[in-house]
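The file my_file_34.pdb contains PDB, C-alpha atoms:
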MODEL        1
ATOM      1  CA  TRP B   1       0.000   0.000   0.000
ATOM      2  CA  PRO B   2       1.173   3.668  -0.444
ATOM      3  CA  THR B   3       2.357   5.226   2.857
ATOM      4  CA  TYR B   4       2.936   8.677   4.361
ATOM      5  CA  ALA B   5       6.378   9.770   5.521
ATOM      6  CA  ASP B   6       5.523   8.882   9.134
ATOM      7  CA  GLY B   7       4.759   5.294   8.116
ATOM      8  CA  HIS B   8       0.941   5.475   8.166
ATOM      9  CA  ILE B   9      -0.800   3.686   5.281
ATOM     10  CA  SER B  10      -2.575   5.870   2.752
ATOM     11  CA  LEU B  11      -5.857   4.293   1.517
ATOM     12  CA  THR B  12      -8.120   5.827  -1.087
ATOM     13  CA  LEU B  13     -11.720   4.728  -1.742
ATOM     14  CA  ASN B  14     -10.511   2.947  -4.880
ATOM     15  CA  ASP B  15      -7.915   1.005  -2.851
ATOM     16  CA  ILE B  16     -10.587  -0.183  -0.425
ATOM     17  CA  THR B  17     -12.919  -1.207  -3.243
ATOM     18  CA  MET B  18     -10.227  -3.236  -5.012
ATOM     19  CA  ALA B  19      -9.257  -4.947  -1.739
ATOM     20  CA  MET B  20     -12.861  -5.961  -1.127
ATOM     21  CA  ARG B  21     -13.110  -7.407  -4.622
ATOM     22  CA  ARG B  22      -9.923  -9.440  -4.129
ATOM     23  CA  GLU B  23     -11.219 -10.786  -0.799
ATOM     24  CA  LYS B  24     -14.523 -11.750  -2.405
ATOM     25  CA  THR B  25     -12.663 -13.598  -5.173
ATOM     26  CA  VAL B  26     -10.561 -15.524  -2.653
ATOM     27  CA  LYS B  27     -13.661 -16.503  -0.635
ATOM     28  CA  GLY B  28     -15.385 -17.664  -3.799
ATOM     29  CA  ALA B  29     -12.428 -19.843  -4.717
ATOM     30  CA  ARG B  30     -12.423 -21.378  -1.244
ATOM     31  CA  SER B  31     -16.151 -22.191  -1.319
ATOM     32  CA  GLY B  32     -15.969 -24.286  -4.490
ATOM     33  CA  ALA B  33     -15.840 -24.119  -8.257
ATOM     34  CA  ALA B  34     -16.628 -20.817  -9.924
ATOM     35  CA  PRO B  35     -20.241 -20.540 -11.121
ATOM     36  CA  TYR B  36     -21.059 -20.490 -14.817
ATOM     37  CA  ARG B  37     -23.643 -18.265 -16.420
ATOM     38  CA  HIS B  38     -25.777 -19.334 -19.345
ATOM     39  CA  LEU B  39     -28.524 -17.118 -20.763
ATOM     40  CA  GLY B  40     -28.722 -15.192 -17.525
ATOM     41  CA  VAL B  41     -28.784 -18.282 -15.265
ATOM     42  CA  THR B  42     -25.893 -19.033 -12.910
ATOM     43  CA  LEU B  43     -24.977 -22.726 -12.858
ATOM     44  CA  LYS B  44     -23.340 -23.614  -9.569
ATOM     45  CA  HIS B  45     -21.210 -26.739  -9.116
ATOM     46  CA  GLY B  46     -19.658 -27.376  -5.726
ATOM     47  CA  GLY B  47     -19.570 -25.109  -2.692
ATOM     48  CA  THR B  48     -22.684 -24.110  -0.785
ATOM     49  CA  GLY B  49     -26.215 -23.813  -2.111
ATOM     50  CA  ARG B  50     -28.257 -26.280  -4.143
ATOM     51  CA  ASP B  51     -26.457 -27.985  -7.010
ATOM     52  CA  PHE B  52     -28.772 -29.401  -9.683
ATOM     53  CA  GLY B  53     -25.857 -31.036 -11.536
ATOM     54  CA  GLN B  54     -26.588 -29.194 -14.781
ATOM     55  CA  HIS B  55     -24.258 -29.461 -17.745
ATOM     56  CA  LEU B  56     -25.995 -27.717 -20.618
ATOM     57  CA  LEU B  57     -25.399 -29.092 -24.108
ATOM     58  CA  LYS B  58     -23.961 -26.285 -26.251
ATOM     59  CA  ASN B  59     -22.788 -28.220 -29.330
ATOM     60  CA  PRO B  60     -25.482 -27.794 -32.038
ATOM     61  CA  LEU B  61     -24.145 -30.718 -34.063
ATOM     62  CA  VAL B  62     -24.805 -33.100 -31.171
ATOM     63  CA  THR B  63     -28.281 -31.650 -30.692
ATOM     64  CA  VAL B  64     -29.136 -32.203 -34.355
ATOM     65  CA  ALA B  65     -27.692 -35.740 -34.268
ATOM     66  CA  MET B  66     -29.794 -36.704 -31.235
ATOM     67  CA  VAL B  67     -32.969 -35.495 -32.936
ATOM     68  CA  GLU B  68     -32.094 -37.417 -36.113
ATOM     69  CA  LYS B  69     -31.243 -40.639 -34.232
ATOM     70  CA  ALA B  70     -34.638 -40.554 -32.545
ATOM     71  CA  ALA B  71     -36.367 -40.955 -35.939
ATOM     72  CA  LEU B  72     -39.150 -38.625 -34.872
ATOM     73  CA  ARG B  73     -42.501 -38.286 -36.593
ATOM     74  CA  ALA B  74     -44.547 -35.125 -36.987
ATOM     75  CA  THR B  75     -47.316 -36.661 -34.865
ATOM     76  CA  ASP B  76     -45.048 -37.640 -31.945
ATOM     77  CA  VAL B  77     -45.268 -36.441 -28.363
ATOM     78  CA  VAL B  78     -41.720 -36.183 -27.015
ATOM     79  CA  CYS B  79     -40.662 -36.106 -23.363
ATOM     80  CA  GLU B  80     -37.484 -34.256 -22.404
ATOM     81  CA  VAL B  81     -36.076 -34.522 -18.887
ATOM     82  CA  GLY B  82     -33.834 -31.648 -17.800
ATOM     83  CA  PRO B  83     -34.356 -29.306 -20.764
ATOM     84  CA  GLY B  84     -32.227 -26.564 -19.184
ATOM     85  CA  THR B  85     -32.457 -23.398 -21.240
ATOM     86  CA  GLY B  86     -33.970 -25.183 -24.232
ATOM     87  CA  ASN B  87     -31.281 -25.754 -26.873
ATOM     88  CA  LEU B  88     -32.519 -29.293 -27.550
ATOM     89  CA  THR B  89     -36.133 -28.367 -26.783
ATOM     90  CA  LEU B  90     -36.341 -25.866 -29.651
ATOM     91  CA  LYS B  91     -35.088 -28.453 -32.154
ATOM     92  CA  LEU B  92     -37.680 -30.916 -30.915
ATOM     93  CA  LEU B  93     -40.495 -28.360 -31.102
ATOM     94  CA  GLU B  94     -39.650 -27.707 -34.747
ATOM     95  CA  THR B  95     -40.020 -31.428 -35.519
ATOM     96  CA  VAL B  96     -42.873 -32.926 -33.492
ATOM     97  CA  LYS B  97     -46.453 -32.303 -32.434
ATOM     98  CA  LYS B  98     -45.737 -31.645 -28.740
ATOM     99  CA  VAL B  99     -42.881 -31.593 -26.241
ATOM    100  CA  VAL B 100     -43.398 -32.338 -22.544
ATOM    101  CA  ALA B 101     -40.407 -30.892 -20.673
ATOM    102  CA  VAL B 102     -39.833 -31.967 -17.056
ATOM    103  CA  GLU B 103     -37.519 -29.545 -15.219
ATOM    104  CA  LEU B 104     -36.636 -29.407 -11.521
ATOM    105  CA  ASP B 105     -34.770 -26.075 -11.478
ATOM    106  CA  PRO B 106     -37.273 -23.174 -11.317
ATOM    107  CA  ARG B 107     -34.772 -20.799 -12.955
ATOM    108  CA  MET B 108     -34.587 -23.038 -16.002
ATOM    109  CA  VAL B 109     -38.365 -23.206 -16.163
ATOM    110  CA  VAL B 110     -38.469 -19.399 -16.407
ATOM    111  CA  GLU B 111     -35.737 -19.253 -19.057
ATOM    112  CA  LEU B 112     -37.407 -21.936 -21.149
ATOM    113  CA  GLN B 113     -40.714 -20.090 -20.999
ATOM    114  CA  LYS B 114     -38.988 -16.883 -22.091
ATOM    115  CA  ARG B 115     -37.413 -18.566 -25.130
ATOM    116  CA  VAL B 116     -40.706 -19.753 -26.575
ATOM    117  CA  GLN B 117     -43.162 -17.099 -25.447
ATOM    118  CA  ALA B 118     -44.851 -15.144 -28.241
ATOM    119  CA  THR B 119     -43.553 -17.641 -30.842
ATOM    120  CA  PRO B 120     -45.448 -20.231 -32.893
ATOM    121  CA  LEU B 121     -43.700 -22.936 -30.835
ATOM    122  CA  ALA B 122     -45.199 -21.891 -27.495
ATOM    123  CA  PRO B 123     -48.503 -23.843 -27.810
ATOM    124  CA  LYS B 124     -46.555 -27.054 -28.535
ATOM    125  CA  LEU B 125     -44.602 -26.930 -25.251
ATOM    126  CA  GLN B 126     -45.836 -28.284 -21.913
ATOM    127  CA  ILE B 127     -43.525 -27.672 -18.939
ATOM    128  CA  ILE B 128     -43.792 -29.796 -15.792
ATOM    129  CA  HIS B 129     -41.922 -28.246 -12.867
ATOM    130  CA  GLY B 130     -40.773 -31.154 -10.726
ATOM    131  CA  ASP B 131     -38.543 -34.194 -10.226
ATOM    132  CA  PHE B 132     -39.130 -36.751 -12.989
ATOM    133  CA  ILE B 133     -38.307 -39.631 -10.627
ATOM    134  CA  LYS B 134     -40.973 -38.541  -8.129
ATOM    135  CA  THR B 135     -43.699 -37.322 -10.489
ATOM    136  CA  GLU B 136     -46.193 -39.367 -12.471
ATOM    137  CA  THR B 137     -44.770 -40.324 -15.847
ATOM    138  CA  PRO B 138     -46.488 -38.254 -18.572
ATOM    139  CA  PHE B 139     -47.678 -39.828 -21.812
ATOM    140  CA  PHE B 140     -45.115 -39.715 -24.636
ATOM    141  CA  ASP B 141     -44.058 -41.633 -27.728
ATOM    142  CA  VAL B 142     -40.308 -40.924 -27.576
ATOM    143  CA  MET B 143     -37.938 -39.524 -24.968
ATOM    144  CA  VAL B 144     -35.001 -37.392 -26.100
ATOM    145  CA  ALA B 145     -32.963 -35.889 -23.285
ATOM    146  CA  ASN B 146     -29.619 -34.829 -21.867
ATOM    147  CA  ILE B 147     -30.442 -36.242 -18.454
ATOM    148  CA  PRO B 148     -28.788 -35.296 -15.141
ATOM    149  CA  TYR B 149     -26.125 -37.946 -14.570
ATOM    150  CA  GLN B 150     -27.094 -38.587 -10.942
ATOM    151  CA  ILE B 151     -30.538 -39.922 -11.915
ATOM    152  CA  SER B 152     -29.451 -42.043 -14.903
ATOM    153  CA  SER B 153     -30.102 -45.466 -13.378
ATOM    154  CA  PRO B 154     -33.439 -44.732 -11.626
ATOM    155  CA  LEU B 155     -34.659 -42.876 -14.713
ATOM    156  CA  VAL B 156     -33.888 -45.766 -17.075
ATOM    157  CA  PHE B 157     -35.683 -48.303 -14.886
ATOM    158  CA  LYS B 158     -38.629 -46.011 -14.254
ATOM    159  CA  LEU B 159     -38.985 -45.750 -18.032
ATOM    160  CA  LEU B 160     -38.733 -49.493 -18.617
ATOM    161  CA  SER B 161     -41.181 -50.365 -15.830
ATOM    162  CA  GLY B 162     -43.707 -47.706 -16.862
ATOM    163  CA  PRO B 163     -46.192 -47.201 -19.717
ATOM    164  CA  PRO B 164     -45.097 -48.302 -23.224
ATOM    165  CA  PHE B 165     -43.116 -45.956 -25.477
ATOM    166  CA  ARG B 166     -41.310 -46.359 -28.794
ATOM    167  CA  CYS B 167     -37.735 -45.493 -27.827
ATOM    168  CA  ALA B 168     -35.518 -43.194 -25.758
ATOM    169  CA  VAL B 169     -32.410 -41.383 -27.010
ATOM    170  CA  LEU B 170     -30.473 -40.314 -23.936
ATOM    171  CA  MET B 171     -27.250 -38.464 -23.202
ATOM    172  CA  VAL B 172     -25.572 -40.227 -20.263
ATOM    173  CA  GLN B 173     -22.174 -40.451 -18.615
ATOM    174  CA  ARG B 174     -19.866 -42.526 -20.821
ATOM    175  CA  GLU B 175     -19.131 -45.218 -18.231
ATOM    176  CA  PHE B 176     -22.866 -45.634 -17.580
ATOM    177  CA  ALA B 177     -23.405 -46.069 -21.337
ATOM    178  CA  LEU B 178     -20.641 -48.672 -21.533
ATOM    179  CA  ARG B 179     -22.215 -50.599 -18.652
ATOM    180  CA  LEU B 180     -25.590 -50.552 -20.386
ATOM    181  CA  CYS B 181     -24.060 -51.884 -23.607
ATOM    182  CA  ALA B 182     -21.533 -54.354 -22.119
ATOM    183  CA  LYS B 183     -21.441 -57.994 -23.191
ATOM    184  CA  PRO B 184     -20.824 -61.142 -21.114
ATOM    185  CA  GLY B 185     -17.145 -61.309 -20.239
ATOM    186  CA  ASP B 186     -16.587 -57.540 -20.464
ATOM    187  CA  GLU B 187     -15.091 -55.850 -17.410
ATOM    188  CA  LEU B 188     -18.098 -53.507 -17.123
ATOM    189  CA  TYR B 189     -20.701 -56.286 -17.508
ATOM    190  CA  CYS B 190     -22.863 -55.983 -14.402
ATOM    191  CA  ARG B 191     -26.323 -56.149 -12.832
ATOM    192  CA  LEU B 192     -27.295 -52.909 -14.574
ATOM    193  CA  THR B 193     -26.449 -54.473 -17.953
ATOM    194  CA  VAL B 194     -28.498 -57.608 -17.376
ATOM    195  CA  ASN B 195     -31.535 -55.820 -15.950
ATOM    196  CA  ALA B 196     -31.602 -53.300 -18.795
ATOM    197  CA  ARG B 197     -31.124 -55.975 -21.472
ATOM    198  CA  LEU B 198     -33.971 -58.043 -19.996
ATOM    199  CA  LEU B 199     -36.402 -55.194 -20.619
ATOM    200  CA  ALA B 200     -34.939 -53.420 -23.654
ATOM    201  CA  ARG B 201     -32.536 -53.363 -26.565
ATOM    202  CA  VAL B 202     -29.736 -50.872 -25.901
ATOM    203  CA  ASP B 203     -27.450 -49.429 -28.591
ATOM    204  CA  HIS B 204     -24.509 -47.073 -28.235
ATOM    205  CA  LEU B 205     -24.924 -44.285 -30.808
ATOM    206  CA  MET B 206     -22.029 -41.872 -30.322
ATOM    207  CA  LYS B 207     -19.412 -40.538 -27.942
ATOM    208  CA  VAL B 208     -19.674 -36.889 -26.918
ATOM    209  CA  SER B 209     -16.728 -34.829 -25.672
ATOM    210  CA  LYS B 210     -17.031 -33.080 -22.316
ATOM    211  CA  ASN B 211     -16.197 -29.850 -24.168
ATOM    212  CA  SER B 212     -19.652 -29.998 -25.764
ATOM    213  CA  PHE B 213     -21.162 -28.846 -22.459
ATOM    214  CA  ARG B 214     -21.240 -25.709 -20.383
ATOM    215  CA  PRO B 215     -19.857 -26.034 -17.776
ATOM    216  CA  PRO B 216     -17.840 -29.052 -18.962
ATOM    217  CA  PRO B 217     -18.248 -32.171 -16.771
ATOM    218  CA  LYS B 218     -15.213 -34.103 -15.586
ATOM    219  CA  VAL B 219     -15.822 -37.008 -17.975
ATOM    220  CA  ASP B 220     -17.018 -37.612 -21.527
ATOM    221  CA  SER B 221     -20.583 -38.608 -22.337
ATOM    222  CA  SER B 222     -22.345 -40.949 -24.738
ATOM    223  CA  VAL B 223     -25.699 -41.058 -26.480
ATOM    224  CA  VAL B 224     -27.598 -44.340 -26.219
ATOM    225  CA  ARG B 225     -30.836 -45.547 -27.778
ATOM    226  CA  ILE B 226     -33.132 -47.665 -25.590
ATOM    227  CA  GLU B 227     -35.945 -49.582 -27.261
ATOM    228  CA  PRO B 228     -38.241 -51.479 -24.866
ATOM    229  CA  ARG B 229     -39.066 -55.097 -25.631
ATOM    230  CA  ASN B 230     -42.615 -55.607 -26.822
ATOM    231  CA  PRO B 231     -44.170 -57.577 -25.300
ATOM    232  CA  LYS B 232     -42.388 -57.375 -21.977
ATOM    233  CA  PRO B 233     -40.831 -60.661 -20.787
ATOM    234  CA  GLU B 234     -43.107 -62.715 -18.538
ATOM    235  CA  VAL B 235     -40.922 -62.744 -15.473
ATOM    236  CA  ASN B 236     -41.322 -61.519 -11.910
ATOM    237  CA  PHE B 237     -38.844 -58.635 -12.026
ATOM    238  CA  VAL B 238     -38.489 -58.403  -8.236
ATOM    239  CA  GLU B 239     -37.466 -62.059  -8.052
ATOM    240  CA  TRP B 240     -35.320 -61.710 -11.174
ATOM    241  CA  ASP B 241     -33.464 -58.800  -9.617
ATOM    242  CA  GLY B 242     -33.015 -60.779  -6.403
ATOM    243  CA  LEU B 243     -31.230 -63.519  -8.370
ATOM    244  CA  VAL B 244     -29.135 -61.109 -10.424
ATOM    245  CA  ARG B 245     -28.171 -59.071  -7.351
ATOM    246  CA  LEU B 246     -26.769 -62.216  -5.716
ATOM    247  CA  CYS B 247     -24.944 -63.346  -8.846
ATOM    248  CA  PHE B 248     -23.216 -60.020  -9.449
ATOM    249  CA  GLY B 249     -22.278 -59.460  -5.828
ATOM    250  CA  ARG B 250     -19.263 -61.664  -6.661
ATOM    251  CA  LYS B 251     -19.555 -62.048 -10.414
ATOM    252  CA  ASN B 252     -16.210 -63.807 -10.932
ATOM    253  CA  LYS B 253     -16.929 -66.580  -8.419
ATOM    254  CA  THR B 254     -18.516 -69.855  -9.503
ATOM    255  CA  LEU B 255     -22.256 -70.094  -8.860
ATOM    256  CA  PRO B 256     -21.861 -72.808  -6.156
ATOM    257  CA  ALA B 257     -19.503 -70.481  -4.269
ATOM    258  CA  ILE B 258     -22.177 -67.762  -4.378
ATOM    259  CA  PHE B 259     -25.271 -69.818  -3.506
ATOM    260  CA  ASN B 260     -23.726 -72.045  -0.836
ATOM    261  CA  THR B 261     -22.864 -69.270   1.604
ATOM    262  CA  LYS B 262     -24.715 -69.349   4.944
ATOM    263  CA  LEU B 263     -26.545 -66.064   4.354
ATOM    264  CA  VAL B 264     -27.827 -67.073   0.911
ATOM    265  CA  LEU B 265     -28.902 -70.539   2.067
ATOM    266  CA  LYS B 266     -30.736 -68.993   5.036
ATOM    267  CA  MET B 267     -32.508 -66.528   2.722
ATOM    268  CA  LEU B 268     -33.546 -69.303   0.320
ATOM    269  CA  GLU B 269     -34.774 -71.483   3.201
ATOM    270  CA  ASP B 270     -36.863 -68.634   4.657
ATOM    271  CA  ASN B 271     -38.363 -67.883   1.240
ATOM    272  CA  LEU B 272     -39.116 -71.584   0.717
ATOM    273  CA  LYS B 273     -41.023 -71.758   4.014
ATOM    274  CA  THR B 274     -42.936 -68.578   3.178
ATOM    275  CA  HIS B 275     -43.995 -69.812  -0.273
ATOM    276  CA  CYS B 276     -44.997 -73.202   1.119
ATOM    277  CA  ALA B 277     -47.097 -71.532   3.826
ATOM    278  CA  LEU B 278     -48.840 -69.311   1.261
ATOM    279  CA  ALA B 279     -49.491 -72.308  -1.009
ATOM    280  CA  GLY B 280     -50.600 -74.527   1.869
ATOM    281  CA  THR B 281     -48.051 -77.211   1.056
ATOM    282  CA  PRO B 282     -45.570 -78.989   3.357
ATOM    283  CA  VAL B 283     -41.975 -77.806   3.502
ATOM    284  CA  PRO B 284     -39.610 -80.279   1.747
ATOM    285  CA  THR B 285     -37.382 -82.289   4.052
ATOM    286  CA  THR B 286     -34.421 -82.121   1.656
ATOM    287  CA  PRO B 287     -31.804 -79.604   2.889
ATOM    288  CA  VAL B 288     -31.762 -76.390   0.871
ATOM    289  CA  LYS B 289     -28.055 -76.825   0.174
ATOM    290  CA  ASP B 290     -28.753 -80.152  -1.540
ATOM    291  CA  ILE B 291     -31.568 -78.589  -3.594
ATOM    292  CA  VAL B 292     -29.224 -75.800  -4.735
ATOM    293  CA  SER B 293     -26.513 -78.278  -5.730
ATOM    294  CA  SER B 294     -29.060 -80.400  -7.626
ATOM    295  CA  VAL B 295     -30.383 -77.364  -9.539
ATOM    296  CA  LEU B 296     -26.915 -76.151 -10.557
ATOM    297  CA  THR B 297     -25.772 -79.623 -11.612
ATOM    298  CA  SER B 298     -28.888 -80.596 -13.561
ATOM    299  CA  SER B 299     -28.988 -77.246 -15.396
ATOM    300  CA  GLY B 300     -25.287 -77.379 -16.263
ATOM    301  CA  TYR B 301     -24.200 -74.351 -14.251
ATOM    302  CA  GLU B 302     -22.085 -76.013 -11.534
ATOM    303  CA  GLU B 303     -18.906 -74.434 -12.958
ATOM    304  CA  ALA B 304     -20.468 -71.259 -14.407
ATOM    305  CA  ARG B 305     -19.593 -67.717 -13.395
ATOM    306  CA  SER B 306     -22.027 -64.787 -13.480
ATOM    307  CA  ALA B 307     -19.627 -62.633 -15.497
ATOM    308  CA  LYS B 308     -19.935 -65.063 -18.436
ATOM    309  CA  LEU B 309     -23.707 -65.680 -18.406
ATOM    310  CA  ASP B 310     -26.116 -63.971 -20.787
ATOM    311  CA  ILE B 311     -29.815 -63.112 -20.412
ATOM    312  CA  ASP B 312     -31.022 -66.553 -21.515
ATOM    313  CA  ASP B 313     -28.719 -68.237 -18.981
ATOM    314  CA  PHE B 314     -30.156 -66.186 -16.106
ATOM    315  CA  LEU B 315     -33.727 -66.889 -17.279
ATOM    316  CA  ARG B 316     -33.041 -70.634 -17.362
ATOM    317  CA  LEU B 317     -31.357 -70.480 -13.968
ATOM    318  CA  LEU B 318     -34.305 -68.639 -12.398
ATOM    319  CA  ALA B 319     -36.785 -71.080 -13.929
ATOM    320  CA  ALA B 320     -34.768 -74.042 -12.597
ATOM    321  CA  PHE B 321     -34.654 -72.636  -9.063
ATOM    322  CA  ASN B 322     -38.380 -71.829  -9.138
ATOM    323  CA  ALA B 323     -39.219 -75.327 -10.398
ATOM    324  CA  ALA B 324     -37.327 -76.707  -7.399
ATOM    325  CA  GLY B 325     -39.331 -74.476  -5.060
ATOM    326  CA  LEU B 326     -36.565 -71.914  -4.410
ATOM    327  CA  HIS B 327     -37.356 -68.215  -4.752
ATOM    328  CA  PHE B 328     -35.413 -64.956  -4.461
ATOM    329  CA  ALA B 329     -38.249 -62.734  -3.245
TER     330      ALA B 329
ENDMDL
END
What's the structure tokens form of this structure?
Amino acid sequence: WPTYADGHISLTLNDITMAMRREKTVKGARSGAAPYRHLGVTLKHGGTGRDFGQHLLKNPLVTVAMVEKAALRATDVVCEVGPGTGNLTLKLLETVKKVVAVELDPRMVVELQKRVQATPLAPKLQIIHGDFIKTETPFFDVMVANIPYQISSPLVFKLLSGPPFRCAVLMVQREFALRLCAKPGDELYCRLTVNARLLARVDHLMKVSKNSFRPPPKVDSSVVRIEPRNPKPEVNFVEWDGLVRLCFGRKNKTLPAIFNTKLVLKMLEDNLKTHCALAGTPVPTTPVKDIVSSVLTSSGYEEARSAKLDIDDFLRLLAAFNAAGLHFA
């Protein structure tokens, strides 16, 4: 600072103002990542305050490609989750009959309304302010969306367990996309893969650089196409998931090593007693461990490992256990 001859510090109003600005900058850096602004809306990641996890798609080429990959029809109703400020929404409105946009952030709702108000597109847009996971699923033919990464898994399974739709073209985190599309034997092959493949056909469409977003996320993204199976497989999904959850808890172990643990045998025995009580039939005297061994041997899975099994293998395995009176729910 400038000083007088006697050593006192000389401070002007401008000096004080600049010092306050520097202090504010330092405090902002300490509290988390710097906020981004997009069309008048501050996007906050990290630090204090609510973080909606928004990464707005700014690359128009990706937006156009997503719309094209969805193979939309002029009569379609499209659902978009997390429309943000509407870059993808406007492209959809130009193509289809109606867009239902579900947005949690009230600031984005306002910005989206501003972008379409007093335009011919306004009557074609319906905005639902709320959390897609917690709200009733609206009617739609196709979903096209750059979804918040933190709700990827619950969103996909809410879609697949809900009312029928033609397809969904979704922007997701790249690793999540690779898990969805993995094949038996792949490192990323997991419970998510098997559950999704039971209910739908999943295709990887394209990789998207993190620089296509504002603010850029830490990882790259991918666009996937999900087409539900029609008709849906006739399987009790709760029991199916119980089997798959056990198998992928230790996917590289042999199936006997998984099913012959004390906790699993106790669970299967309790379920057996419950089902027998509900059916009014006596409980078998054969030990559950012997029933498990018999099922695995007779079905040819005594040396199998979950990481190598496909959908048909898990369906046969579930049917064999059920036929022997063993259930996973």
May I have the residues within 10 Å of Val264 (chain B) as a compact mmCIF listing (two decimals) with C-alpha atoms, in the coordinates of the input, using all atoms listed in the file and disregarding those fewer than 5 positions away in the same chain?
# COMPACT_ATOMS: atom_id res chain seq x y z
CA LEU B 246 -26.77 -62.22 -5.72
CA ILE B 258 -22.18 -67.76 -4.38
CA PHE B 259 -25.27 -69.82 -3.51
CA GLU B 269 -34.77 -71.48 3.20
CA ASP B 270 -36.86 -68.63 4.66
CA LYS B 289 -28.06 -76.82 0.17
CA PHE B 328 -35.41 -64.96 -4.46
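With all atoms listed in the file as the basis for measurement, B:Val100 is the residue among B:Val100, B:Ile151, B:Cys79, B:Val169 that approaches Ile127 (chain B) most closely.
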- prompt: For Leu315 (chain B), which residue out of B:Pro233, B:Pro164, B:Gly84, B:Pro228 is the nearest one, using only C-alpha atoms?
  reply: B:Pro233
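Among B:Cys190, B:Val99, B:Leu326, B:Leu155, the residue with the shortest atom-to-atom distance to Phe140 (chain B), counting all atoms listed in the file, is B:Val99.
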Edge lengths and centre in Å to one decimal, as AutoDock Vina command-line options, is what I'm after for the box along x, y and z that holds all listed atoms of region 192-208 of chain B once 4 Å is added on each side.
--center_x -27.9 --center_y -47.5 --center_z -22.7 --size_x 25.0 --size_y 29.2 --size_z 24.2
Asn271 (chain B): which residues within 12 Å, counting all atoms listed in the file, same-chain residues fewer than 6 positions away excluded, as a compact mmCIF listing (two decimals) with C-alpha atoms, in the coordinates of the input?
# COMPACT_ATOMS: atom_id res chain seq x y z
CA GLU B 239 -37.47 -62.06 -8.05
CA GLY B 242 -33.02 -60.78 -6.40
CA VAL B 264 -27.83 -67.07 0.91
CA LEU B 265 -28.90 -70.54 2.07
CA ALA B 277 -47.10 -71.53 3.83
CA LEU B 278 -48.84 -69.31 1.26
CA VAL B 283 -41.98 -77.81 3.50
CA VAL B 288 -31.76 -76.39 0.87
CA PHE B 321 -34.65 -72.64 -9.06
CA ASN B 322 -38.38 -71.83 -9.14
CA GLY B 325 -39.33 -74.48 -5.06
CA LEU B 326 -36.56 -71.91 -4.41
CA HIS B 327 -37.36 -68.22 -4.75
CA PHE B 328 -35.41 -64.96 -4.46
CA ALA B 329 -38.25 -62.73 -3.24
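Within 10 Å of Leu90 (chain B), once only C-alpha atoms are used and residues closer than 6 positions along the same chain are dropped, the contacting residues are Thr63, Pro83, Val99, Leu112, Arg115, Val116, Leu121, Ala122 and Leu125 of chain B.
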Could the residues in this selection be written to a file with C-alpha atoms, as an mmCIF file, in the frame of the given file?
data_model
loop_
_atom_site.group_PDB
_atom_site.id
_atom_site.type_symbol
_atom_site.label_atom_id
_atom_site.label_comp_id
_atom_site.auth_asym_id
_atom_site.auth_seq_id
_atom_site.Cartn_x
_atom_site.Cartn_y
_atom_site.Cartn_z
ATOM 1 C CA THR B 63 -28.281 -31.650 -30.692
ATOM 2 C CA PRO B 83 -34.356 -29.306 -20.764
ATOM 3 C CA VAL B 99 -42.881 -31.593 -26.241
ATOM 4 C CA LEU B 112 -37.407 -21.936 -21.149
ATOM 5 C CA ARG B 115 -37.413 -18.566 -25.130
ATOM 6 C CA VAL B 116 -40.706 -19.753 -26.575
ATOM 7 C CA LEU B 121 -43.700 -22.936 -30.835
ATOM 8 C CA ALA B 122 -45.199 -21.891 -27.495
ATOM 9 C CA LEU B 125 -44.602 -26.930 -25.251
#
For Thr261 (chain B), the nearest of the candidates B:Val292, B:Ala168, B:Leu188, B:Val235, counting only C-alpha atoms: B:Val292
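Distance check against Ser306 (chain B) using all atoms listed in the file: of B:Val224, B:Val194, B:Ala279, B:Ile291, the minimum falls on B:Val194.
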- request: For CA of Leu309 (chain B) and CA of Pro184 (chain B), determine how far apart the two atoms are, in Å to one decimal place.
  value: 6.0 Å
field: From B:Asn230, B:Thr297, B:Asn146, B:Thr75, residue lying nearest Lys97 (chain B) [all atoms listed in the file]
entry: B:Thr75
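What separates CA of Glu175 (chain B) from CA of Arg201 (chain B) is a distance of 17.8 Å.
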message: I'd like to see the residues matched by the PyMOL selection byres ((chain B and resi 195) around 9) on this file, and ideally I'd get them as a PyMOL selection string.
response: chain B and resi 157+190-194+196-200+237+240-241+244+311
Closest-contact table, region 127-240 of chain B side, partner region 85-89 of chain B, 12 Å, counting only C-alpha atoms, as JSON lines:
{"residue": "B:Ile127", "atom": "CA", "partner": "B:Thr89", "partner_atom": "CA", "distance": 10.8}
{"residue": "B:Met143", "atom": "CA", "partner": "B:Thr89", "partner_atom": "CA", "distance": 11.4}
{"residue": "B:Val144", "atom": "CA", "partner": "B:Leu88", "partner_atom": "CA", "distance": 8.6}
{"residue": "B:Ala145", "atom": "CA", "partner": "B:Leu88", "partner_atom": "CA", "distance": 7.9}
{"residue": "B:Asn146", "atom": "CA", "partner": "B:Leu88", "partner_atom": "CA", "distance": 8.4}
{"residue": "B:Ile147", "atom": "CA", "partner": "B:Leu88", "partner_atom": "CA", "distance": 11.6}
{"residue": "B:Leu170", "atom": "CA", "partner": "B:Leu88", "partner_atom": "CA", "distance": 11.8}
{"residue": "B:Met171", "atom": "CA", "partner": "B:Leu88", "partner_atom": "CA", "distance": 11.4}
{"residue": "B:Phe213", "atom": "CA", "partner": "B:Asn87", "partner_atom": "CA", "distance": 11.5}
{"residue": "B:Arg214", "atom": "CA", "partner": "B:Thr85", "partner_atom": "CA", "distance": 11.5}
Can I get the selection written as a tab-separated table (two decimals), keeping the file's coordinate frame, with C-alpha atoms?
chain	number	residue	atom	x	y	z
B	127	ILE	CA	-43.52	-27.67	-18.94
B	143	MET	CA	-37.94	-39.52	-24.97
B	144	VAL	CA	-35.00	-37.39	-26.10
B	145	ALA	CA	-32.96	-35.89	-23.28
B	146	ASN	CA	-29.62	-34.83	-21.87
B	147	ILE	CA	-30.44	-36.24	-18.45
B	170	LEU	CA	-30.47	-40.31	-23.94
B	171	MET	CA	-27.25	-38.46	-23.20
B	213	PHE	CA	-21.16	-28.85	-22.46
B	214	ARG	CA	-21.24	-25.71	-20.38
